[in-house]
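First up is the structure itself, then whatever we jot down about it.
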Amino acid sequence: GRRADRVLAAAETAAAARPATGQALVVTLDDAPRDGGSDTAADDGRVYDQDLQILVNGLWAAGSTAVAINGLRLTPTTAIRTAGEAVLVDYRPLTGPYEVTALGSAGRLRAAFTGSAADLRLTALRDRYGLRYGMRTEGSARLAAAAPSAPRYARPAGERE
């Protein structure tokens, strides 16, 4: 029974079906401040979906055990997309500043993320377009469980379409 409980707990954690707590690396990403007299294009200095995708993938690669954007927990099937000017995470519109919380050993996460391809790209965006980009560690953070998703193909035995 204990082994089955451990296996189930590991599966629930991997699927973001249960809350997670621990040390965290918190990365903040936001649009560049608007300068009314600037000659840059209107879209320069905006945070796009691909910027958040790169950031999240970099945090997973650095060893994060759980990730959330603005408190919305990411699952293995979470989509980060753009619709018009809105950034959608799991089809929910989010606005900046985007606070991405990654659980894991905060010191190890920061060391592994710093200098990574994701960090270098975001640093270049900050330097070139003025995006606001920073990170801090937290000794304790809590990420809520993700909202359960409805099965797309599974049906109870005996039920027909």
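Ligands are numbered from 1 in the order shown, residues from 1 within each chain, and chains are lettered A, B, ... in the order they appear in the structure tokens.
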
Considering only C-alpha atoms, give me a table of residues in range 1-74 of chain A that are at most 9 Å from range 89-103 of chain A, with the closest atom pair and distance in Å for each, as a Markdown table.
| residue | atom | partner | partner_atom | distance |
| --- | --- | --- | --- | --- |
| A:Ala20 | CA | A:Leu103 | CA | 8.0 |
| A:Thr21 | CA | A:Leu103 | CA | 7.2 |
| A:Gly22 | CA | A:Leu103 | CA | 6.0 |
| A:Gln23 | CA | A:Leu103 | CA | 5.7 |
| A:Ala24 | CA | A:Leu103 | CA | 4.4 |
| A:Leu25 | CA | A:Ala102 | CA | 5.3 |
| A:Val26 | CA | A:Thr101 | CA | 4.5 |
| A:Val27 | CA | A:Val100 | CA | 5.1 |
| A:Thr28 | CA | A:Glu99 | CA | 4.6 |
| A:Leu29 | CA | A:Tyr98 | CA | 5.1 |
| A:Asp30 | CA | A:Pro97 | CA | 4.5 |
| A:Asp31 | CA | A:Gly96 | CA | 7.0 |
| A:Val47 | CA | A:Gly96 | CA | 8.1 |
| A:Asp49 | CA | A:Val89 | CA | 8.8 |
| A:Leu52 | CA | A:Tyr98 | CA | 8.4 |
| A:Leu55 | CA | A:Val100 | CA | 8.4 |
| A:Val56 | CA | A:Val100 | CA | 7.7 |
| A:Leu59 | CA | A:Ala102 | CA | 6.7 |
| A:Trp60 | CA | A:Ala102 | CA | 8.1 |
| A:Gly63 | CA | A:Leu103 | CA | 8.7 |
| A:Ser64 | CA | A:Leu103 | CA | 5.4 |
| A:Thr65 | CA | A:Leu103 | CA | 5.5 |
| A:Ala66 | CA | A:Leu103 | CA | 5.2 |
| A:Val67 | CA | A:Ala102 | CA | 4.5 |
| A:Ala68 | CA | A:Thr101 | CA | 5.3 |
| A:Ile69 | CA | A:Val100 | CA | 4.5 |
| A:Asn70 | CA | A:Glu99 | CA | 5.1 |
| A:Gly71 | CA | A:Thr101 | CA | 7.8 |
| A:Leu72 | CA | A:Val89 | CA | 7.9 |
| A:Leu74 | CA | A:Asp90 | CA | 8.2 |

Could you produce a table of the residues of range 48-107 of chain A lying within 9 Å of range 119-130 of chain A, with the nearest pair of atoms per residue and their separation in Å rounded to one decimal, using only C-alpha atoms, ordered by chain and increasing residue number, as JSON lines?
{"residue": "A:Asp51", "atom": "CA", "partner": "A:Leu122", "partner_atom": "CA", "distance": 7.5}
{"residue": "A:Ile54", "atom": "CA", "partner": "A:Arg121", "partner_atom": "CA", "distance": 8.5}
{"residue": "A:Leu55", "atom": "CA", "partner": "A:Asp119", "partner_atom": "CA", "distance": 7.5}
{"residue": "A:Gly58", "atom": "CA", "partner": "A:Asp119", "partner_atom": "CA", "distance": 7.7}

Limited to N, CA and C atoms, could you put the picked residues into a file as a short mmCIF file (atom, residue, chain, number, x, y, z; two decimals), in the first residue's frame?
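Contents of result01.cif, as written:
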data_model
loop_
_atom_site.label_atom_id
_atom_site.label_comp_id
_atom_site.auth_asym_id
_atom_site.auth_seq_id
_atom_site.Cartn_x
_atom_site.Cartn_y
_atom_site.Cartn_z
N ASP A 51 8.83 34.19 -25.64
CA ASP A 51 9.74 34.59 -24.56
C ASP A 51 9.43 33.80 -23.29
N ILE A 54 10.44 30.09 -23.77
CA ILE A 54 11.88 29.91 -23.61
C ILE A 54 12.26 29.97 -22.13
N LEU A 55 11.68 30.92 -21.40
CA LEU A 55 11.96 31.04 -19.97
C LEU A 55 11.54 29.78 -19.23
N GLY A 58 13.71 26.83 -20.05
CA GLY A 58 15.00 26.99 -19.41
C GLY A 58 14.96 26.64 -17.93
#

Pick out the closest residue to Tyr48 in chain A from this set: A:Ala32, A:Glu85, A:Ala61, A:Arg132. Count only C-alpha atoms.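 Residue with the minimum atom-to-atom distance to Tyr48 in chain A: A:Glu85.
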
Rounded to one decimal in Å, what is the spacing between CA of Leu131 in chain A and CA of Gly45 in chain A?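 Computing the Euclidean distance for CA of Leu131 in chain A and CA of Gly45 in chain A yields 5.4 Å.
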
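Reported to one decimal place, the separation of CA of Pro148 in chain A from CA of Leu88 in chain A is 17.6 Å.
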